[in-house]
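What follows is the content of run-v8.cif (mmCIF, C-alpha atoms).
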```cif
data_structure
loop_
_atom_site.group_PDB
_atom_site.id
_atom_site.type_symbol
_atom_site.label_atom_id
_atom_site.label_comp_id
_atom_site.auth_asym_id
_atom_site.auth_seq_id
_atom_site.Cartn_x
_atom_site.Cartn_y
_atom_site.Cartn_z
ATOM 1 C CA MET A 136 0.000 0.000 0.000
ATOM 2 C CA LYS A 137 1.125 3.480 -0.858
ATOM 3 C CA ALA A 138 1.435 6.046 1.950
ATOM 4 C CA CYS A 139 1.772 9.730 1.062
ATOM 5 C CA ILE A 140 3.521 11.896 3.659
ATOM 6 C CA PHE A 141 3.674 15.681 3.849
ATOM 7 C CA PRO A 142 6.387 17.829 5.499
ATOM 8 C CA GLY A 143 5.980 20.627 8.028
ATOM 9 C CA GLN A 144 7.898 23.739 9.056
ATOM 10 C CA GLY A 145 11.629 23.687 8.447
ATOM 11 C CA SER A 146 11.400 22.189 4.948
ATOM 12 C CA GLN A 147 11.006 25.549 3.161
ATOM 13 C CA PHE A 148 13.738 26.821 0.818
ATOM 14 C CA PRO A 149 14.158 29.879 -1.429
ATOM 15 C CA GLY A 150 12.883 29.137 -4.932
ATOM 16 C CA MET A 151 10.407 26.507 -3.745
ATOM 17 C CA GLY A 152 7.636 25.770 -6.246
ATOM 18 C CA LYS A 153 9.066 28.022 -8.951
ATOM 19 C CA GLU A 154 9.668 25.287 -11.493
ATOM 20 C CA LEU A 155 6.198 23.877 -10.874
ATOM 21 C CA TYR A 156 4.670 27.306 -11.542
ATOM 22 C CA GLU A 157 6.627 27.721 -14.764
ATOM 23 C CA ILE A 158 6.063 24.319 -16.350
ATOM 24 C CA ASN A 159 2.500 23.465 -15.340
ATOM 25 C CA SER A 160 -0.427 25.730 -16.197
ATOM 26 C CA SER A 161 -2.857 24.242 -13.677
ATOM 27 C CA ALA A 162 -0.216 24.606 -10.955
ATOM 28 C CA LYS A 163 0.196 28.250 -11.964
ATOM 29 C CA GLU A 164 -3.557 28.747 -11.733
ATOM 30 C CA LEU A 165 -3.629 27.329 -8.174
ATOM 31 C CA PHE A 166 -0.667 29.475 -7.090
ATOM 32 C CA GLU A 167 -2.446 32.575 -8.413
ATOM 33 C CA LYS A 168 -5.648 31.556 -6.660
ATOM 34 C CA ALA A 169 -3.645 31.274 -3.416
ATOM 35 C CA ASN A 170 -2.184 34.776 -3.924
ATOM 36 C CA ALA A 171 -5.725 36.116 -4.251
ATOM 37 C CA ILE A 172 -7.011 34.246 -1.163
ATOM 38 C CA LEU A 173 -4.064 35.322 1.014
ATOM 39 C CA GLY A 174 -4.186 38.934 -0.156
ATOM 40 C CA PHE A 175 -0.449 39.088 -0.876
ATOM 41 C CA ARG A 176 1.810 37.548 -3.503
ATOM 42 C CA ILE A 177 3.225 34.639 -1.531
ATOM 43 C CA THR A 178 4.643 33.276 -4.795
ATOM 44 C CA ASP A 179 7.000 36.289 -5.056
ATOM 45 C CA ILE A 180 8.449 35.359 -1.643
ATOM 46 C CA MET A 181 8.545 31.616 -2.397
ATOM 47 C CA PHE A 182 10.271 32.016 -5.766
ATOM 48 C CA ASN A 183 12.500 35.059 -5.206
ATOM 49 C CA GLY A 184 12.529 35.808 -1.468
ATOM 50 C CA THR A 185 15.378 35.291 0.964
ATOM 51 C CA GLU A 186 15.499 32.601 3.644
ATOM 52 C CA GLU A 187 14.740 35.337 6.162
ATOM 53 C CA GLU A 188 11.593 36.423 4.306
ATOM 54 C CA LEU A 189 10.469 32.814 3.974
ATOM 55 C CA ARG A 190 10.856 32.345 7.718
ATOM 56 C CA GLN A 191 8.050 34.777 8.612
ATOM 57 C CA THR A 192 5.323 32.632 10.115
ATOM 58 C CA LYS A 193 2.556 34.054 7.916
ATOM 59 C CA VAL A 194 4.647 32.960 4.916
ATOM 60 C CA THR A 195 6.301 29.685 5.982
ATOM 61 C CA GLN A 196 3.213 27.641 6.749
ATOM 62 C CA PRO A 197 1.152 28.557 3.642
ATOM 63 C CA ALA A 198 4.284 28.261 1.455
ATOM 64 C CA ILE A 199 4.983 24.665 2.518
ATOM 65 C CA PHE A 200 1.296 23.779 2.288
ATOM 66 C CA LEU A 201 1.042 25.219 -1.239
ATOM 67 C CA HIS A 202 4.182 23.460 -2.452
ATOM 68 C CA SER A 203 2.870 20.101 -1.184
ATOM 69 C CA VAL A 204 -0.717 20.383 -2.319
ATOM 70 C CA ILE A 205 -0.029 21.878 -5.748
ATOM 71 C CA LEU A 206 2.693 19.309 -6.434
ATOM 72 C CA ALA A 207 0.220 16.557 -5.473
ATOM 73 C CA HIS A 208 -2.383 18.119 -7.780
ATOM 74 C CA THR A 209 -0.012 17.728 -10.752
ATOM 75 C CA LEU A 210 0.457 14.018 -9.971
ATOM 76 C CA PRO A 211 -3.074 12.573 -10.250
ATOM 77 C CA GLU A 212 -1.617 9.090 -10.792
ATOM 78 C CA ILE A 213 -0.563 9.018 -7.149
ATOM 79 C CA THR A 214 -3.556 7.617 -5.292
ATOM 80 C CA PRO A 215 -2.572 6.955 -1.701
ATOM 81 C CA ALA A 216 -4.124 4.251 0.481
ATOM 82 C CA MET A 217 -3.135 6.224 3.569
ATOM 83 C CA VAL A 218 -1.807 9.723 4.301
ATOM 84 C CA ALA A 219 -0.002 11.519 7.120
ATOM 85 C CA GLY A 220 1.562 14.942 7.549
ATOM 86 C CA HIS A 221 4.067 16.348 10.018
ATOM 87 C CA SER A 222 2.437 19.156 12.033
ATOM 88 C CA LEU A 223 1.268 21.683 9.428
ATOM 89 C CA GLY A 224 1.656 18.884 6.842
ATOM 90 C CA GLU A 225 -1.488 17.341 8.284
ATOM 91 C CA PHE A 226 -3.489 20.024 6.431
ATOM 92 C CA SER A 227 -1.793 19.050 3.148
ATOM 93 C CA ALA A 228 -2.666 15.404 3.842
ATOM 94 C CA LEU A 229 -6.307 16.365 4.388
ATOM 95 C CA VAL A 230 -6.516 18.062 0.988
ATOM 96 C CA VAL A 231 -4.980 15.094 -0.792
ATOM 97 C CA ASN A 232 -7.365 12.624 0.890
ATOM 98 C CA GLN A 233 -10.257 14.955 -0.049
ATOM 99 C CA THR A 234 -11.361 15.864 3.487
ATOM 100 C CA LEU A 235 -10.738 19.575 2.860
ATOM 101 C CA SER A 236 -10.973 21.723 -0.243
ATOM 102 C CA PHE A 237 -7.818 23.523 -1.387
ATOM 103 C CA GLU A 238 -9.345 26.923 -0.596
ATOM 104 C CA ASP A 239 -10.674 26.019 2.869
ATOM 105 C CA ALA A 240 -7.404 24.355 3.879
ATOM 106 C CA LEU A 241 -5.355 27.357 2.742
ATOM 107 C CA ILE A 242 -7.546 29.689 4.815
ATOM 108 C CA LEU A 243 -7.181 27.387 7.851
ATOM 109 C CA VAL A 244 -3.401 27.156 7.440
ATOM 110 C CA SER A 245 -3.148 30.920 7.170
ATOM 111 C CA LYS A 246 -5.303 31.456 10.279
ATOM 112 C CA ARG A 247 -3.314 28.805 12.146
ATOM 113 C CA ALA A 248 -0.034 30.541 11.273
ATOM 114 C CA LEU A 249 -1.263 33.929 12.450
ATOM 115 C CA ALA A 250 -2.747 32.527 15.676
ATOM 116 C CA MET A 251 0.530 30.723 16.413
ATOM 117 C CA GLN A 252 2.477 33.918 15.746
ATOM 118 C CA VAL A 253 0.344 35.732 18.337
ATOM 119 C CA ALA A 254 0.799 32.869 20.833
ATOM 120 C CA CYS A 255 4.588 33.061 20.338
ATOM 121 C CA GLU A 256 4.498 36.742 21.222
ATOM 122 C CA THR A 257 2.243 36.169 24.259
ATOM 123 C CA ASN A 258 4.212 33.147 25.503
ATOM 124 C CA PRO A 259 7.806 33.337 24.269
ATOM 125 C CA GLY A 260 9.443 29.945 23.979
ATOM 126 C CA THR A 261 11.732 27.773 21.921
ATOM 127 C CA MET A 262 12.540 24.173 21.003
ATOM 128 C CA ALA A 263 15.612 21.938 21.217
ATOM 129 C CA ALA A 264 16.716 18.768 19.458
ATOM 130 C CA VAL A 265 17.950 15.983 21.725
ATOM 131 C CA LEU A 266 20.154 13.235 20.318
ATOM 132 C CA GLY A 267 21.479 10.019 21.772
ATOM 133 C CA MET A 268 19.029 9.404 24.591
ATOM 134 C CA GLU A 269 15.973 7.156 25.036
ATOM 135 C CA ASP A 270 12.668 9.006 24.591
ATOM 136 C CA GLN A 271 11.480 7.879 28.006
ATOM 137 C CA LYS A 272 14.534 9.283 29.734
ATOM 138 C CA VAL A 273 14.116 12.627 27.936
ATOM 139 C CA GLU A 274 10.480 12.712 29.078
ATOM 140 C CA GLU A 275 11.515 12.016 32.683
ATOM 141 C CA ILE A 276 14.066 14.823 32.650
ATOM 142 C CA CYS A 277 11.503 17.243 31.146
ATOM 143 C CA ASN A 278 9.083 16.325 33.954
ATOM 144 C CA THR A 279 11.747 16.884 36.605
ATOM 145 C CA VAL A 280 12.684 20.287 35.170
ATOM 146 C CA GLN A 281 9.014 21.302 35.113
ATOM 147 C CA LYS A 282 8.544 20.331 38.764
ATOM 148 C CA GLU A 283 11.769 21.893 39.996
ATOM 149 C CA SER A 284 11.706 25.139 38.031
ATOM 150 C CA ASN A 285 8.008 25.674 37.354
ATOM 151 C CA GLU A 286 8.938 26.279 33.708
ATOM 152 C CA ILE A 287 7.141 24.503 30.853
ATOM 153 C CA VAL A 288 9.217 21.822 29.087
ATOM 154 C CA VAL A 289 7.583 18.963 27.177
ATOM 155 C CA ALA A 290 8.274 16.398 24.460
ATOM 156 C CA ALA A 291 7.149 17.975 21.166
ATOM 157 C CA ASN A 292 8.316 15.665 18.367
ATOM 158 C CA TYR A 293 9.049 11.964 18.422
ATOM 159 C CA ASN A 294 11.278 11.425 15.414
ATOM 160 C CA MET B 140 13.341 13.799 19.859
ATOM 161 C CA VAL B 141 12.500 17.494 19.988
ATOM 162 C CA ILE B 142 11.462 19.240 23.201
ATOM 163 C CA SER B 143 9.531 22.476 23.510
ATOM 164 C CA GLY B 144 8.955 25.008 26.288
ATOM 165 C CA SER B 145 9.772 28.361 27.811
ATOM 166 C CA ILE B 146 13.180 29.821 26.974
ATOM 167 C CA LYS B 147 14.426 29.338 30.531
ATOM 168 C CA GLY B 148 12.898 25.856 30.774
ATOM 169 C CA ILE B 149 14.614 24.694 27.572
ATOM 170 C CA GLU B 150 17.911 26.141 28.751
ATOM 171 C CA ILE B 151 17.723 24.245 32.056
ATOM 172 C CA ALA B 152 16.568 21.052 30.318
ATOM 173 C CA CYS B 153 19.416 21.141 27.777
ATOM 174 C CA GLU B 154 21.962 21.392 30.586
ATOM 175 C CA LYS B 155 20.375 18.519 32.510
ATOM 176 C CA LEU B 156 20.038 16.344 29.421
ATOM 177 C CA LYS B 157 23.721 16.738 28.607
ATOM 178 C CA VAL B 158 24.732 15.977 32.179
ATOM 179 C CA ALA B 159 22.474 12.887 32.075
ATOM 180 C CA GLY B 160 24.289 11.600 28.993
ATOM 181 C CA ALA B 161 22.475 12.942 25.924
ATOM 182 C CA LYS B 162 24.886 13.077 22.984
ATOM 183 C CA ARG B 163 23.538 16.489 22.017
ATOM 184 C CA ALA B 164 20.863 18.918 23.188
ATOM 185 C CA MET B 165 20.750 22.017 21.015
ATOM 186 C CA VAL B 166 18.314 24.880 20.757
ATOM 187 C CA LEU B 167 16.670 25.119 17.325
ATOM 188 C CA PRO B 168 16.188 28.335 15.310
ATOM 189 C CA VAL B 169 12.394 28.428 15.740
ATOM 190 C CA GLY B 170 10.088 31.285 16.642
ATOM 191 C CA GLY B 171 8.314 29.667 19.565
ATOM 192 C CA ALA B 172 7.370 26.683 21.699
ATOM 193 C CA PHE B 173 5.314 24.798 19.121
ATOM 194 C CA HIS B 174 3.389 21.688 20.203
ATOM 195 C CA SER B 175 3.506 22.702 23.859
ATOM 196 C CA PRO B 176 0.970 24.195 26.319
ATOM 197 C CA LEU B 177 2.474 27.613 25.497
ATOM 198 C CA MET B 178 0.494 27.478 22.217
ATOM 199 C CA GLU B 179 -2.791 27.414 24.146
ATOM 200 C CA PRO B 180 -3.656 31.042 23.184
ATOM 201 C CA ALA B 181 -3.835 29.977 19.504
ATOM 202 C CA LYS B 182 -6.355 27.226 20.176
ATOM 203 C CA ASN B 183 -9.610 29.182 20.421
ATOM 204 C CA GLU B 184 -9.092 30.947 17.143
ATOM 205 C CA LEU B 185 -8.084 27.813 15.260
ATOM 206 C CA ALA B 186 -10.936 25.849 16.843
ATOM 207 C CA ALA B 187 -13.490 28.463 15.726
ATOM 208 C CA ALA B 188 -12.119 28.421 12.173
ATOM 209 C CA ILE B 189 -12.096 24.611 12.038
ATOM 210 C CA GLU B 190 -15.612 24.330 13.451
ATOM 211 C CA SER B 191 -16.983 26.600 10.735
ATOM 212 C CA THR B 192 -15.248 24.689 7.904
ATOM 213 C CA VAL B 193 -16.747 21.740 6.005
ATOM 214 C CA PHE B 194 -14.802 18.509 6.528
ATOM 215 C CA HIS B 195 -15.833 15.734 4.101
ATOM 216 C CA SER B 196 -15.496 11.995 4.610
ATOM 217 C CA PRO B 197 -11.930 11.221 3.553
ATOM 218 C CA ALA B 198 -11.093 9.118 0.483
ATOM 219 C CA CYS B 199 -8.502 7.280 2.595
ATOM 220 C CA PRO B 200 -7.601 7.410 6.301
ATOM 221 C CA VAL B 201 -5.278 10.042 7.731
ATOM 222 C CA TYR B 202 -2.780 9.032 10.425
ATOM 223 C CA GLN B 203 -2.839 12.110 12.633
ATOM 224 C CA ASN B 204 0.035 13.428 14.748
ATOM 225 C CA VAL B 205 -1.738 13.223 18.088
ATOM 226 C CA ALA B 206 -3.274 9.785 17.475
ATOM 227 C CA ALA B 207 -0.663 7.913 15.404
ATOM 228 C CA CYS B 208 -3.403 5.670 13.997
ATOM 229 C CA ALA B 209 -5.915 5.654 11.118
ATOM 230 C CA ILE B 210 -8.691 8.250 11.437
ATOM 231 C CA SER B 211 -11.619 8.591 9.025
ATOM 232 C CA ASP B 212 -14.283 10.360 11.080
ATOM 233 C CA PRO B 213 -14.431 14.091 10.173
ATOM 234 C CA ILE B 214 -15.378 15.089 13.737
ATOM 235 C CA GLN B 215 -12.395 13.230 15.166
ATOM 236 C CA ILE B 216 -10.169 14.724 12.463
ATOM 237 C CA LYS B 217 -11.250 18.229 13.494
ATOM 238 C CA ASN B 218 -10.600 17.586 17.191
ATOM 239 C CA ASN B 219 -7.182 16.097 16.521
ATOM 240 C CA LEU B 220 -6.190 19.103 14.392
ATOM 241 C CA ILE B 221 -7.063 21.425 17.275
ATOM 242 C CA GLN B 222 -5.306 19.283 19.919
ATOM 243 C CA GLN B 223 -2.204 19.112 17.720
ATOM 244 C CA LEU B 224 -1.302 22.747 18.538
ATOM 245 C CA THR B 225 -0.417 21.883 22.137
ATOM 246 C CA ALA B 226 0.388 18.156 21.828
ATOM 247 C CA PRO B 227 3.464 16.271 20.621
ATOM 248 C CA VAL B 228 3.855 15.093 17.020
ATOM 249 C CA LYS B 229 4.088 11.319 17.331
ATOM 250 C CA TRP B 230 5.865 10.889 14.010
ATOM 251 C CA THR B 231 7.890 7.756 14.759
ATOM 252 C CA GLN B 232 4.780 6.040 16.140
ATOM 253 C CA THR B 233 2.825 7.176 13.053
ATOM 254 C CA VAL B 234 5.342 5.652 10.656
ATOM 255 C CA GLU B 235 5.423 2.437 12.697
ATOM 256 C CA GLN B 236 1.630 2.213 12.600
ATOM 257 C CA LEU B 237 1.479 2.913 8.849
ATOM 258 C CA ILE B 238 3.909 0.042 8.271
ATOM 259 C CA LYS B 239 1.965 -2.233 10.636
ATOM 260 C CA ASP B 240 -1.222 -1.418 8.710
ATOM 261 C CA GLY B 241 0.370 -2.405 5.387
ATOM 262 C CA ALA B 242 2.287 0.576 4.013
ATOM 263 C CA SER B 243 4.861 -0.809 1.574
ATOM 264 C CA SER B 244 6.092 2.436 0.030
ATOM 265 C CA PHE B 245 6.228 6.051 1.213
ATOM 266 C CA ILE B 246 6.028 9.051 -1.096
ATOM 267 C CA GLU B 247 7.009 12.421 0.350
ATOM 268 C CA ILE B 248 5.136 15.245 -1.360
ATOM 269 C CA GLY B 249 6.461 18.768 -0.778
ATOM 270 C CA PRO B 250 9.710 20.612 -0.090
ATOM 271 C CA GLY B 251 12.713 18.757 1.326
ATOM 272 C CA LYS B 252 13.436 15.126 2.166
ATOM 273 C CA VAL B 253 13.319 15.095 5.945
ATOM 274 C CA LEU B 254 10.364 12.733 6.304
ATOM 275 C CA GLN B 255 11.733 10.001 4.045
ATOM 276 C CA GLY B 256 14.849 10.022 6.190
ATOM 277 C CA LEU B 257 12.689 9.489 9.252
ATOM 278 C CA VAL B 258 10.904 6.573 7.539
ATOM 279 C CA LYS B 259 14.302 4.998 6.847
ATOM 280 C CA LYS B 260 15.190 5.475 10.503
ATOM 281 C CA VAL B 261 12.192 3.323 11.449
ATOM 282 C CA ASN B 262 12.832 0.727 8.729
ATOM 283 C CA ARG B 263 15.952 0.838 6.592
ATOM 284 C CA GLU B 264 14.492 -1.503 3.971
ATOM 285 C CA MET B 265 11.348 0.556 3.373
ATOM 286 C CA GLU B 266 10.905 2.299 0.023
ATOM 287 C CA ALA B 267 10.709 6.050 0.682
ATOM 288 C CA ILE B 268 11.013 8.551 -2.173
ATOM 289 C CA SER B 269 10.136 12.088 -3.245
ATOM 290 C CA ALA B 270 7.124 12.607 -5.500
#
```
Starting from the file, give its structure as structure tokens.
Amino acid sequence: MKACIFPGQGSQFPGMGKELYEINSSAKELFEKANAILGFRITDIMFNGTEEELRQTKVTQPAIFLHSVILAHTLPEITPAMVAGHSLGEFSALVVNQTLSFEDALILVSKRALAMQVACETNPGTMAAVLGMEDQKVEEICNTVQKESNEIVVAANYN
Amino acid sequence: MVISGSIKGIEIACEKLKVAGAKRAMVLPVGGAFHSPLMEPAKNELAAAIESTVFHSPACPVYQNVAACAISDPIQIKNNLIQQLTAPVKWTQTVEQLIKDGASSFIEIGPGKVLQGLVKKVNREMEAISA
């Protein structure tokens, strides 16, 4: 069985989706539709923007979503038996398995990005990658730190 | 494994993790504590948007981050999407479950190749490619 999987934040890169836009007319149409829905030309930032510009939350999440979903749209021969997406990628998965329309999912992704941006400003925080330790032990240490310091620290990604 | 939390909390945790024997514990260049309770303020707004959006019955099951198993019920899908903001992404468990349920090839659709690498980490023999 074929499983289609969709990436989340961190996978963006300058120039993403440009080739797709240039060689496929239905991809171009979807990108333009997205520009209209978002109210700014996200394609300009995706194709010609810097890494810094791509890293703005209101840009990153819709950009990755659009790259995934429009690429999938140009590959109708790929019919998955199961789908999954990492974090924001879950919205891409839900378009490809026909739970959400392209337009509705894009609006949700955009709202999610903005709401998360506000939460980051209200509750500043960060993340860290931990290598070379059992998940369970990492969890235990996070719990201890929370109890001792009264600071929030939790497991966020098992991968 | 990625951990998430307040700036001070992550700093303390990284120190402790290294002392306890972690090979590495390094802060990532991200804008906030995603998938942690610190994202709670974003929940109401996302929940309202999701509740007012039409979710159809899926053509095939989605293995969601918070559940790491097959979900086909639109109401459950909505709830899981909302919970995901403050809950961990169980990606390893998701890949394991997909394989258990019969996945024989993985196709990564979108920018980058991170996820196919993670599939290979679960099962080196598994076919995992870019679309």
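Surrounding stretch 232-236 of chain B within 9 Å are A:Ala219, A:Tyr293, A:Asn294, B:Tyr202, B:Gln203, B:Asn204, B:Ala206, B:Ala207, B:Cys208, B:Ala209, B:Ala242, B:Leu257, B:Val258, B:Val261, B:Asn262, with only C-alpha atoms counted and residues fewer than 6 positions along the same chain left out.
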At most 6 Å is the cut-off: for each residue in chain B with any atom that close to an atom of chain A, write down the nearest atom pair and the distance in Å rounded to one decimal, counting all atoms listed in the file, chain first then increasing number, as CSV.
```
residue,atom,partner,partner_atom,distance
B:Met140,CA,A:Tyr293,CA,4.9
B:Val141,CA,A:Ala264,CA,4.4
B:Ile142,CA,A:Ala290,CA,4.5
B:Ser143,CA,A:Met262,CA,4.3
B:Gly144,CA,A:Val288,CA,4.2
B:Ser145,CA,A:Gly260,CA,4.2
B:Ile146,CA,A:Gly260,CA,4.8
B:Gly148,CA,A:Glu286,CA,4.9
B:Ala161,CA,A:Met268,CA,5.1
B:Lys162,CA,A:Gly267,CA,4.7
B:Arg163,CA,A:Leu266,CA,5.0
B:Ala164,CA,A:Val265,CA,4.4
B:Met165,CA,A:Ala263,CA,5.1
B:Val166,CA,A:Ala263,CA,4.0
B:Leu167,CA,A:Ala263,CA,5.1
B:Gly171,CA,A:Thr261,CA,4.6
B:Ala172,CA,A:Gly260,CA,4.5
B:His174,CA,A:Ala291,CA,5.4
B:Leu177,CA,A:Asn258,CA,5.8
B:Met178,CA,A:Ala254,CA,5.6
B:Pro180,CA,A:Ala254,CA,5.4
B:Ala181,CA,A:Ala250,CA,4.7
B:Leu185,CA,A:Arg247,CA,5.8
B:Phe194,CA,A:Thr234,CA,5.3
B:His195,CA,A:Thr234,CA,4.5
B:Ser196,CA,A:Thr234,CA,5.8
B:Pro197,CA,A:Thr234,CA,4.7
B:Ala198,CA,A:Asn232,CA,5.1
B:Cys199,CA,A:Met217,CA,5.6
B:Pro200,CA,A:Met217,CA,5.4
B:Val201,CA,A:Val218,CA,4.9
B:Tyr202,CA,A:Ala219,CA,5.0
B:Pro227,CA,A:Ala291,CA,4.1
B:Val228,CA,A:Asn292,CA,4.7
B:Lys229,CA,A:Tyr293,CA,5.1
B:Trp230,CA,A:Tyr293,CA,5.5
B:Thr231,CA,A:Asn294,CA,5.0
B:Gly241,CA,A:Met136,CA,5.9
B:Ala242,CA,A:Met136,CA,4.7
B:Ser243,CA,A:Met136,CA,5.2
B:Ser244,CA,A:Lys137,CA,5.2
B:Phe245,CA,A:Ala138,CA,4.8
B:Ile246,CA,A:Cys139,CA,4.8
B:Glu247,CA,A:Ile140,CA,4.8
B:Ile248,CA,A:Ser203,CA,5.4
B:Gly249,CA,A:Ser203,CA,3.9
B:Pro250,CA,A:Ser146,CA,5.5
B:Gly251,CA,A:Ser146,CA,5.2
```
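Relative to atom CA of B:Val193, atom CA of B:Gln222 is found at 18.2 Å.
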Spell out the residues picked by the PyMOL selection byres ((chain A and resi 182-188) around 6) here, as a list in words. Pro149, Gly150, Met151, Lys153, Thr178, Asp179, Ile180, Met181, Leu189, Arg190 and Gln191 of chain A
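For the choices A:Glu275, A:Glu157, A:Glu238, A:Glu167, the atom-to-atom distance to B:Thr192 is smallest for A:Glu238 when using all atoms listed in the file.
The two atoms in question, atom CA of A:Ser161 and atom CA of A:His208, are spaced 8.5 Å apart.
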Correct to one decimal, the distance atom CA of B:Asn219-atom CA of B:Leu237 is 17.5 Å
Give me the box for stretch 188-205 of chain A as lines of an AutoDock Vina configuration file, namely the centre and edge lengths in Å to one decimal of a box along x, y and z that holds every listed atom plus 5 Å on each side.
```
center_x = 5.4
center_y = 28.3
center_z = 2.2
size_x = 22.3
size_y = 26.3
size_z = 25.9
```
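Distances to B:Ser191 were evaluated for B:Lys217, B:Ala267, B:Gln255, B:Ile151 using all atoms listed in the file, and the minimum falls at B:Lys217.
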